[in-house]
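Okay, query_23.txt is below, compact mmCIF, N, CA and C atoms:
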# COMPACT_ATOMS: atom_id res chain seq x y z
N MET A 25 3.14 22.08 0.95
CA MET A 25 2.58 20.89 0.34
C MET A 25 1.74 20.14 1.35
N GLY A 26 0.97 19.16 0.86
CA GLY A 26 0.06 18.42 1.72
C GLY A 26 0.62 17.11 2.21
N LYS A 27 -0.14 16.49 3.12
CA LYS A 27 0.17 15.17 3.66
C LYS A 27 -1.02 14.27 3.33
N PHE A 28 -0.74 13.17 2.64
CA PHE A 28 -1.81 12.28 2.21
C PHE A 28 -1.48 10.84 2.56
N ALA A 29 -2.48 10.13 3.06
CA ALA A 29 -2.35 8.69 3.31
C ALA A 29 -3.34 7.99 2.39
N VAL A 30 -2.84 7.04 1.62
CA VAL A 30 -3.67 6.23 0.74
C VAL A 30 -3.76 4.84 1.38
N VAL A 31 -4.99 4.45 1.72
CA VAL A 31 -5.22 3.13 2.27
C VAL A 31 -5.79 2.29 1.14
N LEU A 32 -4.91 1.47 0.57
CA LEU A 32 -5.25 0.67 -0.60
C LEU A 32 -5.78 -0.68 -0.16
N THR A 33 -6.99 -1.02 -0.59
CA THR A 33 -7.59 -2.30 -0.21
C THR A 33 -7.76 -3.24 -1.40
N ALA A 34 -7.60 -2.74 -2.60
CA ALA A 34 -7.81 -3.56 -3.80
C ALA A 34 -6.62 -4.46 -4.05
N GLY A 35 -6.89 -5.75 -4.12
CA GLY A 35 -5.85 -6.72 -4.36
C GLY A 35 -5.74 -7.08 -5.83
N PRO A 36 -4.99 -8.12 -6.12
CA PRO A 36 -4.77 -8.55 -7.50
C PRO A 36 -6.04 -8.88 -8.27
N ASP A 37 -7.12 -9.22 -7.59
CA ASP A 37 -8.39 -9.50 -8.28
C ASP A 37 -9.11 -8.24 -8.71
N ASP A 38 -8.63 -7.08 -8.28
CA ASP A 38 -9.22 -5.79 -8.64
C ASP A 38 -8.09 -4.83 -9.03
N ALA A 39 -7.31 -5.26 -10.02
CA ALA A 39 -6.11 -4.52 -10.40
C ALA A 39 -6.42 -3.10 -10.87
N GLY A 40 -7.56 -2.89 -11.51
CA GLY A 40 -7.89 -1.55 -11.99
C GLY A 40 -7.96 -0.54 -10.87
N SER A 41 -8.66 -0.88 -9.80
CA SER A 41 -8.75 0.03 -8.65
C SER A 41 -7.39 0.21 -7.99
N ALA A 42 -6.62 -0.88 -7.92
CA ALA A 42 -5.30 -0.79 -7.31
C ALA A 42 -4.39 0.14 -8.11
N VAL A 43 -4.38 -0.03 -9.42
CA VAL A 43 -3.55 0.82 -10.27
C VAL A 43 -3.95 2.28 -10.09
N ASN A 44 -5.24 2.56 -10.03
CA ASN A 44 -5.68 3.94 -9.80
C ASN A 44 -5.14 4.47 -8.49
N GLY A 45 -5.26 3.69 -7.42
CA GLY A 45 -4.77 4.13 -6.11
C GLY A 45 -3.28 4.41 -6.13
N PHE A 46 -2.51 3.50 -6.75
CA PHE A 46 -1.07 3.71 -6.86
C PHE A 46 -0.76 4.95 -7.67
N GLU A 47 -1.47 5.15 -8.77
CA GLU A 47 -1.21 6.32 -9.62
C GLU A 47 -1.56 7.63 -8.91
N TYR A 48 -2.66 7.64 -8.15
CA TYR A 48 -3.00 8.85 -7.38
C TYR A 48 -1.88 9.17 -6.40
N ALA A 49 -1.41 8.14 -5.70
CA ALA A 49 -0.34 8.34 -4.72
C ALA A 49 0.93 8.84 -5.40
N LEU A 50 1.28 8.25 -6.55
CA LEU A 50 2.48 8.67 -7.26
C LEU A 50 2.36 10.10 -7.77
N SER A 51 1.19 10.47 -8.25
CA SER A 51 0.98 11.84 -8.71
C SER A 51 1.20 12.83 -7.57
N LEU A 52 0.68 12.50 -6.40
CA LEU A 52 0.87 13.37 -5.23
C LEU A 52 2.34 13.43 -4.82
N ALA A 53 3.00 12.27 -4.82
CA ALA A 53 4.42 12.22 -4.44
C ALA A 53 5.28 12.98 -5.45
N ASP A 54 4.98 12.82 -6.73
CA ASP A 54 5.73 13.53 -7.77
C ASP A 54 5.59 15.04 -7.63
N ALA A 55 4.48 15.48 -7.04
CA ALA A 55 4.25 16.91 -6.84
C ALA A 55 4.79 17.38 -5.48
N ASP A 56 5.68 16.58 -4.89
CA ASP A 56 6.37 16.92 -3.64
C ASP A 56 5.47 16.99 -2.42
N ASN A 57 4.37 16.24 -2.43
CA ASN A 57 3.56 16.08 -1.24
C ASN A 57 4.12 14.92 -0.42
N GLU A 58 3.83 14.94 0.87
CA GLU A 58 4.19 13.80 1.72
C GLU A 58 3.09 12.74 1.55
N VAL A 59 3.49 11.55 1.17
CA VAL A 59 2.52 10.49 0.87
C VAL A 59 2.91 9.22 1.61
N ALA A 60 1.90 8.59 2.20
CA ALA A 60 2.09 7.30 2.88
C ALA A 60 1.05 6.34 2.33
N VAL A 61 1.49 5.27 1.69
CA VAL A 61 0.59 4.27 1.12
C VAL A 61 0.62 3.03 2.03
N PHE A 62 -0.56 2.61 2.45
CA PHE A 62 -0.71 1.43 3.29
C PHE A 62 -1.48 0.36 2.51
N LEU A 63 -0.94 -0.84 2.48
CA LEU A 63 -1.63 -1.98 1.86
C LEU A 63 -2.48 -2.63 2.93
N ASP A 64 -3.77 -2.71 2.66
CA ASP A 64 -4.72 -3.21 3.64
C ASP A 64 -5.60 -4.25 2.97
N GLY A 65 -6.18 -5.14 3.72
CA GLY A 65 -7.07 -6.15 3.14
C GLY A 65 -6.37 -6.94 2.06
N ALA A 66 -7.07 -7.16 0.95
CA ALA A 66 -6.53 -7.95 -0.16
C ALA A 66 -5.31 -7.29 -0.80
N ALA A 67 -5.11 -6.00 -0.60
CA ALA A 67 -3.94 -5.32 -1.16
C ALA A 67 -2.63 -5.82 -0.55
N THR A 68 -2.71 -6.51 0.59
CA THR A 68 -1.49 -7.07 1.19
C THR A 68 -0.90 -8.17 0.32
N LYS A 69 -1.65 -8.63 -0.68
CA LYS A 69 -1.16 -9.66 -1.60
C LYS A 69 -0.22 -9.09 -2.67
N TRP A 70 -0.19 -7.77 -2.86
CA TRP A 70 0.58 -7.19 -3.95
C TRP A 70 2.08 -7.48 -3.89
N PRO A 71 2.75 -7.39 -2.75
CA PRO A 71 4.19 -7.67 -2.77
C PRO A 71 4.52 -9.05 -3.34
N ASP A 72 3.79 -10.07 -2.94
CA ASP A 72 4.03 -11.42 -3.47
C ASP A 72 3.67 -11.49 -4.95
N GLU A 73 2.58 -10.86 -5.32
CA GLU A 73 2.14 -10.89 -6.72
C GLU A 73 3.19 -10.29 -7.65
N VAL A 74 3.74 -9.15 -7.29
CA VAL A 74 4.72 -8.51 -8.18
C VAL A 74 6.06 -9.23 -8.16
N GLN A 75 6.36 -9.95 -7.10
CA GLN A 75 7.58 -10.76 -7.10
C GLN A 75 7.45 -11.92 -8.08
N ARG A 76 6.24 -12.46 -8.19
CA ARG A 76 6.00 -13.57 -9.11
C ARG A 76 5.79 -13.08 -10.53
N ARG A 77 5.29 -11.85 -10.69
CA ARG A 77 4.96 -11.32 -12.02
C ARG A 77 5.57 -9.93 -12.17
N ALA A 78 6.86 -9.88 -12.38
CA ALA A 78 7.57 -8.60 -12.48
C ALA A 78 7.06 -7.73 -13.61
N ASP A 79 6.38 -8.33 -14.60
CA ASP A 79 5.84 -7.57 -15.72
C ASP A 79 4.49 -6.94 -15.43
N HIS A 80 3.93 -7.19 -14.25
CA HIS A 80 2.62 -6.63 -13.89
C HIS A 80 2.74 -5.11 -13.77
N PRO A 81 1.78 -4.35 -14.27
CA PRO A 81 1.85 -2.88 -14.19
C PRO A 81 2.03 -2.35 -12.76
N VAL A 82 1.54 -3.08 -11.78
CA VAL A 82 1.67 -2.63 -10.40
C VAL A 82 3.13 -2.71 -9.93
N SER A 83 3.91 -3.57 -10.54
CA SER A 83 5.32 -3.72 -10.15
C SER A 83 6.06 -2.40 -10.25
N GLU A 84 5.92 -1.72 -11.36
CA GLU A 84 6.59 -0.43 -11.54
C GLU A 84 6.07 0.60 -10.54
N SER A 85 4.76 0.58 -10.29
CA SER A 85 4.18 1.52 -9.33
C SER A 85 4.76 1.31 -7.94
N LEU A 86 4.86 0.06 -7.50
CA LEU A 86 5.44 -0.22 -6.18
C LEU A 86 6.90 0.21 -6.12
N ASP A 87 7.64 -0.04 -7.19
CA ASP A 87 9.04 0.39 -7.23
C ASP A 87 9.15 1.90 -7.09
N ARG A 88 8.31 2.62 -7.82
CA ARG A 88 8.36 4.09 -7.77
C ARG A 88 7.93 4.61 -6.39
N LEU A 89 6.93 3.96 -5.77
CA LEU A 89 6.53 4.37 -4.43
C LEU A 89 7.68 4.19 -3.44
N GLU A 90 8.39 3.08 -3.57
CA GLU A 90 9.52 2.83 -2.68
C GLU A 90 10.62 3.88 -2.91
N GLU A 91 10.85 4.26 -4.16
CA GLU A 91 11.84 5.30 -4.46
C GLU A 91 11.48 6.62 -3.79
N HIS A 92 10.18 6.92 -3.73
CA HIS A 92 9.70 8.14 -3.07
C HIS A 92 9.69 7.99 -1.55
N GLY A 93 9.87 6.78 -1.05
CA GLY A 93 9.72 6.53 0.38
C GLY A 93 8.28 6.58 0.81
N ALA A 94 7.36 6.33 -0.12
CA ALA A 94 5.94 6.49 0.14
C ALA A 94 5.22 5.18 0.48
N LEU A 95 5.88 4.04 0.34
CA LEU A 95 5.23 2.79 0.70
C LEU A 95 5.41 2.59 2.19
N ALA A 96 4.38 2.96 2.96
CA ALA A 96 4.48 2.98 4.41
C ALA A 96 4.41 1.60 5.03
N GLY A 97 3.78 0.65 4.35
CA GLY A 97 3.71 -0.70 4.88
C GLY A 97 2.37 -1.36 4.62
N ALA A 98 2.19 -2.48 5.31
CA ALA A 98 0.98 -3.28 5.13
C ALA A 98 0.45 -3.70 6.49
N CYS A 99 -0.81 -4.02 6.52
CA CYS A 99 -1.47 -4.47 7.74
C CYS A 99 -1.08 -5.93 8.02
N ALA A 100 -0.43 -6.16 9.15
CA ALA A 100 -0.02 -7.52 9.53
C ALA A 100 -1.23 -8.42 9.76
N TYR A 101 -2.29 -7.85 10.32
CA TYR A 101 -3.51 -8.62 10.57
C TYR A 101 -4.08 -9.13 9.24
N CYS A 102 -4.21 -8.23 8.28
CA CYS A 102 -4.78 -8.60 6.97
C CYS A 102 -3.84 -9.51 6.19
N ALA A 103 -2.54 -9.25 6.27
CA ALA A 103 -1.58 -10.11 5.58
C ALA A 103 -1.72 -11.54 6.07
N ASP A 104 -1.93 -11.70 7.36
CA ASP A 104 -2.11 -13.04 7.93
C ASP A 104 -3.39 -13.67 7.39
N VAL A 105 -4.48 -12.91 7.39
CA VAL A 105 -5.77 -13.42 6.91
C VAL A 105 -5.70 -13.82 5.44
N PHE A 106 -4.99 -13.05 4.62
CA PHE A 106 -4.91 -13.30 3.19
C PHE A 106 -3.70 -14.16 2.79
N GLY A 107 -3.00 -14.72 3.76
CA GLY A 107 -1.86 -15.57 3.45
C GLY A 107 -0.73 -14.83 2.77
N ALA A 108 -0.57 -13.55 3.11
CA ALA A 108 0.39 -12.70 2.41
C ALA A 108 1.56 -12.25 3.28
N THR A 109 1.67 -12.77 4.48
CA THR A 109 2.73 -12.33 5.39
C THR A 109 4.11 -12.61 4.80
N GLU A 110 4.34 -13.82 4.35
CA GLU A 110 5.66 -14.18 3.82
C GLU A 110 6.03 -13.34 2.61
N GLY A 111 5.08 -13.09 1.72
CA GLY A 111 5.35 -12.26 0.54
C GLY A 111 5.73 -10.85 0.92
N GLY A 112 5.05 -10.29 1.92
CA GLY A 112 5.38 -8.95 2.39
C GLY A 112 6.76 -8.90 3.02
N GLU A 113 7.04 -9.91 3.85
CA GLU A 113 8.36 -9.96 4.49
C GLU A 113 9.46 -10.14 3.46
N ASP A 114 9.24 -11.02 2.48
CA ASP A 114 10.25 -11.25 1.43
C ASP A 114 10.53 -9.99 0.63
N ALA A 115 9.52 -9.13 0.49
CA ALA A 115 9.67 -7.88 -0.26
C ALA A 115 10.11 -6.72 0.62
N ASP A 116 10.40 -7.00 1.89
CA ASP A 116 10.81 -5.97 2.85
C ASP A 116 9.77 -4.88 3.05
N VAL A 117 8.49 -5.26 3.00
CA VAL A 117 7.42 -4.32 3.28
C VAL A 117 7.15 -4.37 4.79
N ALA A 118 7.18 -3.22 5.43
CA ALA A 118 6.95 -3.16 6.88
C ALA A 118 5.52 -3.61 7.19
N LEU A 119 5.38 -4.49 8.18
CA LEU A 119 4.07 -4.94 8.61
C LEU A 119 3.72 -4.22 9.90
N HIS A 120 2.54 -3.59 9.91
CA HIS A 120 2.06 -2.83 11.06
C HIS A 120 0.90 -3.56 11.70
N GLY A 121 0.76 -3.42 13.00
CA GLY A 121 -0.29 -4.14 13.71
C GLY A 121 0.25 -5.50 14.12
N THR A 122 -0.67 -6.39 14.45
CA THR A 122 -0.27 -7.72 14.91
C THR A 122 -1.18 -8.76 14.29
N ALA A 123 -0.58 -9.78 13.70
CA ALA A 123 -1.36 -10.86 13.09
C ALA A 123 -2.31 -11.45 14.12
N GLY A 124 -3.59 -11.54 13.76
CA GLY A 124 -4.60 -12.14 14.62
C GLY A 124 -5.07 -11.28 15.77
N GLU A 125 -4.49 -10.08 15.94
CA GLU A 125 -4.85 -9.26 17.10
C GLU A 125 -5.18 -7.81 16.80
N GLU A 126 -4.34 -7.14 16.00
CA GLU A 126 -4.47 -5.69 15.85
C GLU A 126 -4.37 -5.28 14.39
N HIS A 127 -5.41 -4.61 13.90
CA HIS A 127 -5.47 -4.11 12.53
C HIS A 127 -4.69 -2.80 12.44
N ALA A 128 -4.11 -2.52 11.27
CA ALA A 128 -3.38 -1.28 11.05
C ALA A 128 -3.56 -0.88 9.58
N PRO A 129 -3.47 0.36 9.23
CA PRO A 129 -3.08 1.48 10.07
C PRO A 129 -4.27 2.00 10.87
N ASP A 130 -3.97 2.76 11.88
CA ASP A 130 -4.99 3.44 12.68
C ASP A 130 -5.31 4.74 11.95
N VAL A 131 -6.42 4.75 11.20
CA VAL A 131 -6.73 5.92 10.38
C VAL A 131 -7.01 7.15 11.24
N GLY A 132 -7.55 6.96 12.43
CA GLY A 132 -7.76 8.09 13.33
C GLY A 132 -6.45 8.75 13.71
N GLU A 133 -5.43 7.93 13.94
CA GLU A 133 -4.11 8.45 14.27
C GLU A 133 -3.49 9.16 13.06
N LEU A 134 -3.69 8.60 11.88
CA LEU A 134 -3.18 9.27 10.68
C LEU A 134 -3.77 10.66 10.52
N VAL A 135 -5.09 10.77 10.72
CA VAL A 135 -5.76 12.06 10.61
C VAL A 135 -5.24 13.01 11.69
N ALA A 136 -5.08 12.49 12.92
CA ALA A 136 -4.56 13.31 14.00
C ALA A 136 -3.14 13.80 13.69
N ASP A 137 -2.39 13.02 12.92
CA ASP A 137 -1.04 13.40 12.51
C ASP A 137 -1.03 14.33 11.29
N GLY A 138 -2.21 14.73 10.82
CA GLY A 138 -2.29 15.71 9.75
C GLY A 138 -2.43 15.16 8.35
N TYR A 139 -2.65 13.86 8.23
CA TYR A 139 -2.84 13.26 6.91
C TYR A 139 -4.28 13.38 6.44
N ASP A 140 -4.45 13.68 5.16
CA ASP A 140 -5.74 13.55 4.51
C ASP A 140 -5.80 12.13 3.97
N LEU A 141 -6.93 11.45 4.18
CA LEU A 141 -7.07 10.07 3.73
C LEU A 141 -7.65 10.00 2.33
N LEU A 142 -7.06 9.13 1.51
CA LEU A 142 -7.57 8.89 0.17
C LEU A 142 -7.81 7.40 0.00
N PRO A 143 -9.04 6.99 -0.27
CA PRO A 143 -9.25 5.59 -0.63
C PRO A 143 -8.88 5.41 -2.10
N GLU A 144 -8.63 4.16 -2.52
CA GLU A 144 -8.19 3.95 -3.90
C GLU A 144 -9.31 4.04 -4.91
N SER A 145 -10.55 3.96 -4.49
CA SER A 145 -11.62 4.01 -5.49
C SER A 145 -12.69 4.99 -5.11

What is this structure when it is put down as C-alpha cells?
Amino acid sequence: MGKFAVVLTAGPDDAGSAVNGFEYALSLADADNEVAVFLDGAATKWPDEVQRRADHPVSESLDRLEEHGALAGACAYCADVFGATEGGEDADVALHGTAGEEHAPDVGELVADGYDLLPES
C-alpha cells in the first residue's frame, strides 16, 4: 500500500474543498494506505468549528480520521495566526512547529519519508 500526506488548507469558509480533502484521505485510509492529514492555514480552524457545530459534515470526517489514526496534526504557526490554537488544543489535535516562529509540516521531510503529497483541491 501507499503512503499519503494530505495538507489541508481549506477552512470553514471553504467547506466544499475541505470536505473533498477529508473524503480523499478517508478513501485512502479505508483502502489500508498509510495516511497523514495535516491542518494548515485556515484549516487549523476546523477543530474549534466542529466542537461548536457537531452537526457539521466535517465533524464526522474528523472523527473517522482520528479512528484511522490519520489526523497527524495542525500547524502551530498557522493556528496562532488564525486564532485557532485553543480550539486545536481543546480537541487534542497535535500542534507541530512553533507559534510565531516555525511553520509545519515540512513537506520536504514528508516526501523524504516516502509520502506522496495530496492537496485538498

Distance of atom CA of Asp38 of chain A from atom CA of Gln75 of chain A, expressed in Å to one decimal place: 17.6 Å

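When the distance limit is 9 Å and only C-alpha atoms are what count, the residues near segment 89-92 of chain A, minus those fewer than 5 positions from it on the same chain, are Phe46, Ala49, Leu50, Ala53, Asp54, Val59, Val61 and Glu84 of chain A.
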
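Computed from the coordinates, the atom CA of Lys69 of chain A to atom C of Gly107 of chain A distance equals 6.8 Å.
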
Selection: 8 Å around Asp140 of chain A, only C-alpha atoms, excl. self and same-chain fewer than 3 positions, as a list in words: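 Those residues are Lys27, Phe28, Ala29, Leu134 and Val135 of chain A.
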
Answer as a VMD selection string, residues within 6 Å of (-2.5, -7.1, 2.8) using all atoms listed in the file: chain A and resid 63 to 69 98 to 99 102 to 103

Residue nearest Pro143 of chain A among A:Ala115, A:Leu32, A:Asp104, A:Arg88 (counting all atoms listed in the file):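 Of all the options, A:Leu32 lies closest to Pro143 of chain A.
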
Atom CA of Tyr48 of chain A to atom CA of Tyr101 of chain A, distance in Å rounded to a single decimal: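 These two atoms are separated by 25.1 Å.
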
Surrounding residues of Gly121 of chain A excluding itself and chain neighbours under 2 positions, 7 Å, all atoms listed in the file, as a list in words: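 Once the adjacent positions are removed, what remains is Ala98, Cys99, Ala100, Tyr101, Leu119, Ala123, Glu125, Glu126, His127, Ala128 and Pro129 of chain A.
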
Those in segment 38-99 of chain A with strand (DSSP E) from DSSP, as a PyMOL selection string: chain A and resi 58-63+95-99

Where atoms are missing, can you supply N, CA, C and O atoms for segment 103-119 of chain A and output the lot as an mmCIF file, in the coordinates of the input?
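What landed in part-v9.cif:
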data_model
loop_
_atom_site.group_PDB
_atom_site.id
_atom_site.type_symbol
_atom_site.label_atom_id
_atom_site.label_comp_id
_atom_site.auth_asym_id
_atom_site.auth_seq_id
_atom_site.Cartn_x
_atom_site.Cartn_y
_atom_site.Cartn_z
ATOM 1 N N ALA A 103 -2.540 -9.250 6.270
ATOM 2 C CA ALA A 103 -1.580 -10.110 5.580
ATOM 3 C C ALA A 103 -1.720 -11.540 6.070
ATOM 4 O O ALA A 103 -1.673 -12.490 5.278
ATOM 5 N N ASP A 104 -1.930 -11.700 7.360
ATOM 6 C CA ASP A 104 -2.110 -13.040 7.930
ATOM 7 C C ASP A 104 -3.390 -13.670 7.390
ATOM 8 O O ASP A 104 -3.393 -14.816 6.948
ATOM 9 N N VAL A 105 -4.480 -12.910 7.390
ATOM 10 C CA VAL A 105 -5.770 -13.420 6.910
ATOM 11 C C VAL A 105 -5.700 -13.820 5.440
ATOM 12 O O VAL A 105 -6.254 -14.842 5.035
ATOM 13 N N PHE A 106 -4.990 -13.050 4.620
ATOM 14 C CA PHE A 106 -4.910 -13.300 3.190
ATOM 15 C C PHE A 106 -3.700 -14.160 2.790
ATOM 16 O O PHE A 106 -3.423 -14.313 1.607
ATOM 17 N N GLY A 107 -3.000 -14.720 3.760
ATOM 18 C CA GLY A 107 -1.860 -15.570 3.450
ATOM 19 C C GLY A 107 -0.730 -14.830 2.770
ATOM 20 O O GLY A 107 -0.011 -15.396 1.942
ATOM 21 N N ALA A 108 -0.570 -13.550 3.110
ATOM 22 C CA ALA A 108 0.390 -12.700 2.410
ATOM 23 C C ALA A 108 1.560 -12.250 3.280
ATOM 24 O O ALA A 108 2.369 -11.439 2.842
ATOM 25 N N THR A 109 1.670 -12.770 4.480
ATOM 26 C CA THR A 109 2.730 -12.330 5.390
ATOM 27 C C THR A 109 4.110 -12.610 4.800
ATOM 28 O O THR A 109 4.970 -11.717 4.764
ATOM 29 N N GLU A 110 4.340 -13.820 4.350
ATOM 30 C CA GLU A 110 5.660 -14.180 3.820
ATOM 31 C C GLU A 110 6.030 -13.340 2.610
ATOM 32 O O GLU A 110 7.172 -12.876 2.487
ATOM 33 N N GLY A 111 5.080 -13.090 1.720
ATOM 34 C CA GLY A 111 5.350 -12.260 0.540
ATOM 35 C C GLY A 111 5.730 -10.850 0.920
ATOM 36 O O GLY A 111 6.634 -10.253 0.331
ATOM 37 N N GLY A 112 5.050 -10.290 1.920
ATOM 38 C CA GLY A 112 5.380 -8.950 2.390
ATOM 39 C C GLY A 112 6.760 -8.900 3.020
ATOM 40 O O GLY A 112 7.545 -7.989 2.767
ATOM 41 N N GLU A 113 7.040 -9.910 3.850
ATOM 42 C CA GLU A 113 8.360 -9.960 4.490
ATOM 43 C C GLU A 113 9.460 -10.140 3.460
ATOM 44 O O GLU A 113 10.508 -9.499 3.547
ATOM 45 N N ASP A 114 9.240 -11.020 2.480
ATOM 46 C CA ASP A 114 10.250 -11.250 1.430
ATOM 47 C C ASP A 114 10.530 -9.990 0.630
ATOM 48 O O ASP A 114 11.635 -9.791 0.132
ATOM 49 N N ALA A 115 9.520 -9.130 0.490
ATOM 50 C CA ALA A 115 9.670 -7.880 -0.260
ATOM 51 C C ALA A 115 10.110 -6.720 0.620
ATOM 52 O O ALA A 115 10.159 -5.578 0.177
ATOM 53 N N ASP A 116 10.400 -7.000 1.890
ATOM 54 C CA ASP A 116 10.810 -5.970 2.850
ATOM 55 C C ASP A 116 9.770 -4.880 3.050
ATOM 56 O O ASP A 116 10.112 -3.707 3.251
ATOM 57 N N VAL A 117 8.490 -5.260 3.000
ATOM 58 C CA VAL A 117 7.420 -4.320 3.280
ATOM 59 C C VAL A 117 7.150 -4.370 4.790
ATOM 60 O O VAL A 117 6.930 -5.451 5.348
ATOM 61 N N ALA A 118 7.180 -3.220 5.430
ATOM 62 C CA ALA A 118 6.950 -3.160 6.880
ATOM 63 C C ALA A 118 5.520 -3.610 7.190
ATOM 64 O O ALA A 118 4.566 -3.190 6.532
ATOM 65 N N LEU A 119 5.380 -4.490 8.180
ATOM 66 C CA LEU A 119 4.070 -4.940 8.610
ATOM 67 C C LEU A 119 3.720 -4.220 9.900
ATOM 68 O O LEU A 119 4.487 -4.226 10.862
#
